[in-house]
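Just below is one structure, and these are the notes that go with it.
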There are 2 protein chains.
Amino acid sequence: MSQTPPLLGHLAIIGLGLIGSSIARAVRDYGVARQVTVTDASAQVRTIARDLNLGKVVETSADAVRDADMVILCIPVAQCGSVMAEIERHLKPGAIVSDVGSVKGAVVRDMIPHMPANVHFVPAHPVAGTEQSGPEAGFAELFADRWCILTPPDGTNDSAVKTTTAFWQALGADVEIMPIDHHDQVLAITSHLPHLIAFTIVGTASHAEKASDTEIIKFSAGGFRDFTRIAASDPTMWRDIFLNNKAAVLEMLTRFNNDLAALTKAIRDEDGETLFKTFASSRKTRLEIIKMGQDSAAPDFGREHHRKKPGAIPLPYSSSLDPD
Amino acid sequence: MSQTPPLLGHLAIIGLGLIGSSIARAVRDYGVARQVTVTDASAQVRTIARDLNLGKVVETSADAVRDADMVILCIPVAQCGSVMAEIERHLKPGAIVSDVGSVKGAVVRDMIPHMPANVHFVPAHPVAGTEQSGPEAGFAELFADRWCILTPPDGTNDSAVKTTTAFWQALGADVEIMPIDHHDQVLAITSHLPHLIAFTIVGTASHAEKASDTEIIKFSAGGFRDFTRIAASDPTMWRDIFLNNKAAVLEMLTRFNNDLAALTKAIRDEDGETLFKTFASSRKTRLEIIKMGQDSAAPDFGREHHRKKPGAIPLPYSSSLDPD
């Protein structure tokens with residue numbers, strides 16, 4: 001038993017991928033709710049959830065939300081509307097309904113029509129994740145020191161916003177509240193555009209004629225491997241994000257293309273000064289991210305460097321070679 | 001004393017940034033040479049090199065190379081020609097001259113005119129690094145399990161290539177030999193294009209009108225922060241790389257732009273199938289990189305995840321809110 005009573009009575013989590021299962025673990029480990037009910041559309045995932053002890057596992061979303069004080073949809077954004085339609089008649093009056101979608105405009109648009117008048121809708125987006133997916137990939141510390149953005153529609157009950165804020169803080173996150181449209185513009189820059197670029201460059205490298213696939217892999221430590229991490233993220237989730245934040249993503253793409261064209265011109269014109277100035281200013285951004293605790297200060301993300309077979313390669317002494 | 005005699009008699013390292021100082025540490029720690037002489041154009045760096053015990057520190061490149069059996073230039077690629085001009089009259093007959101430049105065509109073009117007939121030129125590129133620079137950033141394990149590419153010009157002495165191969169293997173690297181032009185094409189894909197894209201996107205984000213600089217930093221864990229790491233790399237080094245591998249980089253940029261245009265069209269047309277197929281194939285590349293030991297299998301590059309202030313946020317119990 002924790003020393004303070006749990007924040008929530010009964011929490012329901014629908015969808016047990018990386019985010020849903022991480023929430024379940026954190027809530028369990030930190031004692032954030034008295035009772036947790038979980039479900040997933042996949043029977044296989046539900047079985048894993050039982051093995052992982054993520055909460056009381058039920059078969060349907062409708063069963064999960066009955067009697068829940070807070071319901072969180074942790075599913076691809078394109079599915080939020082239909083799951084809301086499944087649960088709307090089963091929600092407890094006064095319950096808080098939330099989600100974790102990476103786009104908010106489309107999710108709110110799809111969920112609002114199914115929102116009963118006597119529940120509180122507090123859309124949320126924890127800006128956290130890894131490139132892995134599924135219930136086994138989750139871990140309780142995923143949200144520590146990350147930001148969770150809430151985008152409550154106008155008129156949302158203040159207490160519901162406060163409870164949702166306290167919930168994410170209990171999971172270790174900092175909470176920011178912002179308008180729905182603004183969220184989608186900010187995330188288009190800090191998340192959606194970077195993912196699209198990463199997916200693109202992995203494709204470009206994979207189809208390069210001038211280098212074999214093996215060479216691309218072997219020499220990926222020159223920079224390419226970094227991009228492959230976020231490009232390994234869940235394809236369904238990302239398809240849905242781009243289809244549901246189209247306008248903001250297309251606008252950022254236009255800006256990116258203009259900037260890339262300017263650097264391309266500098267290379268073509270051998271304009272070293274422009275290249276140097278652009279490159280030098282990038283360091284500042286990195287340092288600010290580290291200062292604000294949003295990335296590791298360790299070089300190379302703190303990747304491990306091992307010495308392979310130390311001293312295992314016996315070599316003849318050679319002081320110098322004969323000149324040709 | 002190590003159990004086998006050192007591979008080299010006398011090694012000279014010119015330039016003590018991340019790479020040069022890492023070589024010096026590895027050679028010292030693993031007993032790869034009997035004697036190491038180091039220098040750097042900066043007096044401040046030479047002082048640090050003495051404090052770090054990187055080898056015998058001398059003032060000039062000419063002094064460094066006298067009596068050296070192997071000389072390695074660890075300097076920005078645009079400076080290789082002029083440093084060669086400084087040392088050419090001081091090289092020991094039979095010495096091996098090498099470098100660590102990220103482009104090979106331009107470096108070989110600039111160094112060859114100053115190469116005495118009685119030394120052996122074995123250009124090298126260890127595909128390893130971090131975003132940090134300078135002598136303090138180096139560490140002995142930097143090259144472990146990374147690839148070092150040698151691009152010996154036609155007619156290079158076989159024994160010199162073998163010794164250089166053995167040298168990099170002693171530092172923990174795997175060695176691959178390839179033609180000069182091919183190196184520059186492969187690295188344009190696996191290293192130069194990714195860096196240019198990272199520099200570009202950091203600039204795009206920094207000048208975004210729709211999000212404040214603080215928001216860009218706060219919500220960078222959505223993907224953007226990954227790009228800021230390689231965009232924090234040394235600006236002089238990277239300016240020189242782009243100016244000296246212009247043709248291959250411009251060719252890869254054209255391909256990247258075509259691929260990005262195709263994905264942009266898929267978003268505009270709401271063509272979810274194309275998006276899904278492209279995204280799904282990226283995972284394979286990531287898995288191959290991990291399988292070949294070129295990145296960590298740990299999620300999120302193995303970044304640390306901490307729980308902030310565990311249990312430190314006392315919260316009132318609230319079973320559910322009253323309906324509005």
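Here, A, B, ... name the chains of the structure tokens in the order displayed, residue numbers run from 1 inside each chain, and ligands are numbered from 1 in the same displayed order.
For range 140-254 of chain A, backbone-based DSSP labels the following residues as strand (DSSP E): Trp147, Cys148, Ile149, Leu150, Asp174, Val175, Glu176 and Ile177 of chain A.
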Please write the residues from the selection above to a file, keeping N, CA, C and O atoms, as an mmCIF file, in the first residue's frame.
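So the final result, stored in out18.cif, reads:
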```cif
data_model
loop_
_atom_site.group_PDB
_atom_site.id
_atom_site.type_symbol
_atom_site.label_atom_id
_atom_site.label_comp_id
_atom_site.auth_asym_id
_atom_site.auth_seq_id
_atom_site.Cartn_x
_atom_site.Cartn_y
_atom_site.Cartn_z
ATOM 1 N N TRP A 147 6.703 15.256 -21.512
ATOM 2 C CA TRP A 147 5.548 16.133 -21.428
ATOM 3 C C TRP A 147 4.297 15.406 -21.879
ATOM 4 O O TRP A 147 4.325 14.642 -22.850
ATOM 5 N N CYS A 148 3.193 15.672 -21.173
ATOM 6 C CA CYS A 148 1.890 15.206 -21.642
ATOM 7 C C CYS A 148 1.063 16.458 -21.927
ATOM 8 O O CYS A 148 0.924 17.331 -21.063
ATOM 9 N N ILE A 149 0.543 16.543 -23.147
ATOM 10 C CA ILE A 149 -0.237 17.717 -23.555
ATOM 11 C C ILE A 149 -1.718 17.391 -23.443
ATOM 12 O O ILE A 149 -2.175 16.379 -23.989
ATOM 13 N N LEU A 150 -2.460 18.224 -22.757
ATOM 14 C CA LEU A 150 -3.920 18.087 -22.693
ATOM 15 C C LEU A 150 -4.541 19.168 -23.583
ATOM 16 O O LEU A 150 -4.088 20.311 -23.580
ATOM 17 N N ASP A 174 5.345 15.910 -16.987
ATOM 18 C CA ASP A 174 4.937 17.303 -16.845
ATOM 19 C C ASP A 174 3.740 17.512 -17.759
ATOM 20 O O ASP A 174 3.655 16.894 -18.822
ATOM 21 N N VAL A 175 2.843 18.391 -17.361
ATOM 22 C CA VAL A 175 1.617 18.563 -18.135
ATOM 23 C C VAL A 175 1.523 19.984 -18.692
ATOM 24 O O VAL A 175 1.825 20.952 -17.996
ATOM 25 N N GLU A 176 1.147 20.077 -19.955
ATOM 26 C CA GLU A 176 0.917 21.377 -20.600
ATOM 27 C C GLU A 176 -0.473 21.335 -21.234
ATOM 28 O O GLU A 176 -0.860 20.330 -21.811
ATOM 29 N N ILE A 177 -1.184 22.451 -21.102
ATOM 30 C CA ILE A 177 -2.511 22.529 -21.705
ATOM 31 C C ILE A 177 -2.437 23.481 -22.881
ATOM 32 O O ILE A 177 -1.862 24.566 -22.775
#
```
### Message
Based on the backbone DSSP call, show me all residues of range 108-307 of chain A assigned helix (DSSP H, G or I), as an MDAnalysis selection string.
### Response
chainID A and resid 108:114 135:137 140:143 158:170 180:206 213:218 220:222 224:230 235:244 246:268 272:291 299:302
### Message
I want to know what sits within 6 Å of range 14-19 of chain A, based on only C-alpha atoms, with residues of the same chain fewer than 5 positions away left out; could you give that as a VMD selection string?
### Response
chain A and resid 38 to 40 73 to 75 133 to 135 137 to 138
#### Entry: Exercise: range 24-31 of chain A partners within 7 Å, only C-alpha atoms, chain neighbours under 3 positions left out, as a PyMOL selection string
(chain A and resi 2+6+20-21+54+139-141+171) or (chain B and resi 311)
Go ahead and write the selection's residues with all heavy atoms as a CSV table (one decimal), in the first residue's frame.
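What follows is the written file part-v1.csv:
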```
chain,number,residue,atom,x,y,z
A,2,SER,N,0.6,2.2,-0.9
A,2,SER,CA,1.3,3.5,-0.8
A,2,SER,C,0.8,4.3,0.3
A,2,SER,O,-0.3,4.0,0.9
A,2,SER,CB,1.1,4.2,-2.2
A,2,SER,OG,-0.2,4.4,-2.4
A,6,PRO,N,-4.9,6.2,-3.4
A,6,PRO,CA,-4.7,6.3,-4.9
A,6,PRO,C,-5.5,7.5,-5.4
A,6,PRO,O,-6.5,7.9,-4.9
A,6,PRO,CB,-5.3,5.0,-5.4
A,6,PRO,CG,-5.4,4.1,-4.3
A,6,PRO,CD,-5.5,4.9,-3.1
A,20,GLY,N,-0.4,2.0,-23.9
A,20,GLY,CA,-1.4,1.5,-23.0
A,20,GLY,C,-0.8,0.6,-21.9
A,20,GLY,O,-1.1,0.7,-20.8
A,21,SER,N,0.1,-0.3,-22.4
A,21,SER,CA,0.7,-1.2,-21.4
A,21,SER,C,1.7,-0.5,-20.5
A,21,SER,O,1.9,-0.9,-19.3
A,21,SER,CB,1.4,-2.4,-22.1
A,21,SER,OG,2.7,-2.0,-22.6
A,54,LEU,N,-1.3,-6.9,-16.1
A,54,LEU,CA,-1.5,-5.4,-16.3
A,54,LEU,C,-2.8,-4.9,-15.7
A,54,LEU,O,-3.1,-3.7,-15.8
A,54,LEU,CB,-1.5,-5.2,-17.9
A,54,LEU,CG,-0.2,-5.5,-18.6
A,54,LEU,CD1,-0.3,-5.1,-20.1
A,54,LEU,CD2,0.9,-4.7,-18.0
A,139,PHE,N,6.9,0.0,-20.4
A,139,PHE,CA,7.6,0.0,-19.1
A,139,PHE,C,7.1,1.2,-18.4
A,139,PHE,O,6.7,2.3,-18.9
A,139,PHE,CB,9.1,0.0,-19.3
A,139,PHE,CG,9.7,1.1,-20.2
A,139,PHE,CD1,10.2,2.3,-19.7
A,139,PHE,CD2,9.7,0.9,-21.6
A,139,PHE,CE1,10.7,3.2,-20.5
A,139,PHE,CE2,10.2,1.8,-22.5
A,139,PHE,CZ,10.7,3.0,-21.9
A,140,ALA,N,7.1,1.1,-17.0
A,140,ALA,CA,6.5,2.1,-16.2
A,140,ALA,C,7.1,3.5,-16.3
A,140,ALA,O,6.5,4.5,-16.1
A,140,ALA,CB,6.5,1.6,-14.7
A,141,GLU,N,8.4,3.5,-16.6
A,141,GLU,CA,9.1,4.8,-16.5
A,141,GLU,C,9.0,5.6,-17.9
A,141,GLU,O,9.7,6.6,-18.0
A,141,GLU,CB,10.6,4.6,-16.2
A,141,GLU,CG,10.9,3.9,-14.9
A,141,GLU,CD,10.7,2.3,-15.0
A,141,GLU,OE1,10.5,1.8,-16.1
A,141,GLU,OE2,10.6,1.7,-13.9
A,171,LEU,N,2.4,9.8,-13.1
A,171,LEU,CA,3.1,8.9,-13.9
A,171,LEU,C,4.5,9.5,-14.2
A,171,LEU,O,5.3,8.9,-15.0
A,171,LEU,CB,2.4,8.6,-15.2
A,171,LEU,CG,1.5,7.3,-15.2
A,171,LEU,CD1,0.5,7.3,-14.0
A,171,LEU,CD2,0.7,7.2,-16.5
B,311,GLY,N,6.5,8.9,-6.2
B,311,GLY,CA,5.6,9.0,-5.0
B,311,GLY,C,5.6,10.4,-4.4
B,311,GLY,O,5.0,10.5,-3.3
```
### Message
Just want the 9 Å neighbourhood of Asp259 in chain B, counted on only C-alpha atoms, with same-chain residues fewer than 2 positions away dropped. Output as an MDAnalysis selection string.
### Response
(chainID A and resid 200:201 203:204) or (chainID B and resid 254:257 261:264)
Preceding selection exported with N, CA, C and O atoms as a PDB file, in the first residue's frame:
```
ATOM      1  N   THR A 200      11.327   8.430 -45.142  1.00  0.00           N
ATOM      2  CA  THR A 200      11.773   8.696 -46.513  1.00  0.00           C
ATOM      3  C   THR A 200      13.219   8.282 -46.718  1.00  0.00           C
ATOM      4  O   THR A 200      13.563   7.593 -47.685  1.00  0.00           O
ATOM      5  N   ILE A 201      14.095   8.694 -45.808  1.00  0.00           N
ATOM      6  CA  ILE A 201      15.525   8.455 -46.026  1.00  0.00           C
ATOM      7  C   ILE A 201      15.853   6.965 -45.925  1.00  0.00           C
ATOM      8  O   ILE A 201      16.733   6.469 -46.626  1.00  0.00           O
ATOM      9  N   GLY A 203      13.875   4.657 -46.976  1.00  0.00           N
ATOM     10  CA  GLY A 203      13.490   4.179 -48.305  1.00  0.00           C
ATOM     11  C   GLY A 203      14.524   4.539 -49.358  1.00  0.00           C
ATOM     12  O   GLY A 203      14.904   3.702 -50.186  1.00  0.00           O
ATOM     13  N   THR A 204      14.998   5.773 -49.324  1.00  0.00           N
ATOM     14  CA  THR A 204      15.998   6.215 -50.301  1.00  0.00           C
ATOM     15  C   THR A 204      17.252   5.355 -50.221  1.00  0.00           C
ATOM     16  O   THR A 204      17.794   4.909 -51.242  1.00  0.00           O
TER      17      THR A 204
ATOM     18  N   THR B 254      18.844  14.371 -54.934  1.00  0.00           N
ATOM     19  CA  THR B 254      17.815  14.259 -55.974  1.00  0.00           C
ATOM     20  C   THR B 254      16.924  13.052 -55.710  1.00  0.00           C
ATOM     21  O   THR B 254      15.690  13.129 -55.784  1.00  0.00           O
ATOM     22  N   ARG B 255      17.553  11.940 -55.354  1.00  0.00           N
ATOM     23  CA  ARG B 255      16.763  10.731 -55.075  1.00  0.00           C
ATOM     24  C   ARG B 255      15.886  10.914 -53.835  1.00  0.00           C
ATOM     25  O   ARG B 255      14.727  10.514 -53.806  1.00  0.00           O
ATOM     26  N   PHE B 256      16.467  11.508 -52.811  1.00  0.00           N
ATOM     27  CA  PHE B 256      15.696  11.769 -51.583  1.00  0.00           C
ATOM     28  C   PHE B 256      14.499  12.663 -51.878  1.00  0.00           C
ATOM     29  O   PHE B 256      13.370  12.396 -51.433  1.00  0.00           O
ATOM     30  N   ASN B 257      14.727  13.727 -52.651  1.00  0.00           N
ATOM     31  CA  ASN B 257      13.630  14.645 -52.985  1.00  0.00           C
ATOM     32  C   ASN B 257      12.510  13.936 -53.752  1.00  0.00           C
ATOM     33  O   ASN B 257      11.330  14.198 -53.513  1.00  0.00           O
ATOM     34  N   ALA B 261       8.795  13.530 -52.321  1.00  0.00           N
ATOM     35  CA  ALA B 261       7.660  14.008 -53.119  1.00  0.00           C
ATOM     36  C   ALA B 261       6.591  12.916 -53.244  1.00  0.00           C
ATOM     37  O   ALA B 261       5.385  13.201 -53.211  1.00  0.00           O
ATOM     38  N   ALA B 262       7.034  11.668 -53.382  1.00  0.00           N
ATOM     39  CA  ALA B 262       6.077  10.562 -53.507  1.00  0.00           C
ATOM     40  C   ALA B 262       5.270  10.389 -52.210  1.00  0.00           C
ATOM     41  O   ALA B 262       4.056  10.180 -52.248  1.00  0.00           O
ATOM     42  N   LEU B 263       5.942  10.480 -51.066  1.00  0.00           N
ATOM     43  CA  LEU B 263       5.218  10.342 -49.795  1.00  0.00           C
ATOM     44  C   LEU B 263       4.320  11.566 -49.548  1.00  0.00           C
ATOM     45  O   LEU B 263       3.227  11.439 -48.994  1.00  0.00           O
ATOM     46  N   THR B 264       4.792  12.729 -49.961  1.00  0.00           N
ATOM     47  CA  THR B 264       3.964  13.937 -49.828  1.00  0.00           C
ATOM     48  C   THR B 264       2.682  13.791 -50.643  1.00  0.00           C
ATOM     49  O   THR B 264       1.581  14.127 -50.184  1.00  0.00           O
TER      50      THR B 264
END
```
### Query
Which residue, B:Asp271, B:Glu131, B:Asp145, B:Glu251, has the smallest gap to Ala298 in chain A when you use only C-alpha atoms?
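Checking each candidate against Ala298 in chain A, we get B:Glu131 as the closest.
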### Message
I'd like the interatomic distance between CA of Asp67 in chain B and CA of Ala85 in chain B, to a tenth of an Å.
### Response
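Between these atoms lies a distance of 17.2 Å.
Residue neighbourhood of Ala211 in chain A, excluding near-sequence residues (fewer than 2 positions): Ala208 and Glu209 of chain A; Val186 of chain B, at 6 Å, using only C-alpha atoms.
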Can I get the selection written as a short mmCIF file (atom, residue, chain, number, x, y, z; two decimals), in the first residue's frame, with C-alpha atoms?
```
data_model
loop_
_atom_site.label_atom_id
_atom_site.label_comp_id
_atom_site.auth_asym_id
_atom_site.auth_seq_id
_atom_site.Cartn_x
_atom_site.Cartn_y
_atom_site.Cartn_z
CA ALA A 208 20.18 3.13 -53.68
CA GLU A 209 21.79 1.72 -56.80
CA VAL B 186 28.28 4.78 -50.20
#
```
### Query
Do you know which residues are at most 8 Å from Ser282 in chain A counting only C-alpha atoms, after dropping those on the same chain fewer than 5 positions away, and could you put them as a ChimeraX atom specification?
/B:199,202-203,228,231-232
Export, as a short mmCIF file (atom, residue, chain, number, x, y, z; two decimals), in the first residue's frame, the selected residues with N, CA and C atoms.
```cif
data_model
loop_
_atom_site.label_atom_id
_atom_site.label_comp_id
_atom_site.auth_asym_id
_atom_site.auth_seq_id
_atom_site.Cartn_x
_atom_site.Cartn_y
_atom_site.Cartn_z
N PHE B 199 20.66 18.58 -40.31
CA PHE B 199 20.93 20.02 -40.20
C PHE B 199 19.73 20.82 -40.73
N VAL B 202 16.60 20.73 -38.27
CA VAL B 202 16.82 21.53 -37.07
C VAL B 202 16.62 23.01 -37.41
N GLY B 203 17.09 23.42 -38.58
CA GLY B 203 16.85 24.80 -39.01
C GLY B 203 15.37 25.08 -39.23
N THR B 228 18.63 16.26 -33.64
CA THR B 228 19.51 17.29 -33.11
C THR B 228 20.86 16.72 -32.69
N ALA B 231 23.00 16.67 -35.82
CA ALA B 231 23.12 18.07 -36.24
C ALA B 231 23.98 18.88 -35.27
N ALA B 232 24.40 18.28 -34.17
CA ALA B 232 25.31 18.96 -33.23
C ALA B 232 26.77 18.65 -33.56
#
```
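Considering only C-alpha atoms, the residue among A:Met84, A:Ala221, A:Ala170, A:Glu215 positioned nearest to Arg303 in chain A is A:Ala221.
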#### Entry: Distance of CA of Gln132 in chain B from CA of Arg286 in chain A, expressed in Å to one decimal place
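Interatomic distance here is 11.2 Å.
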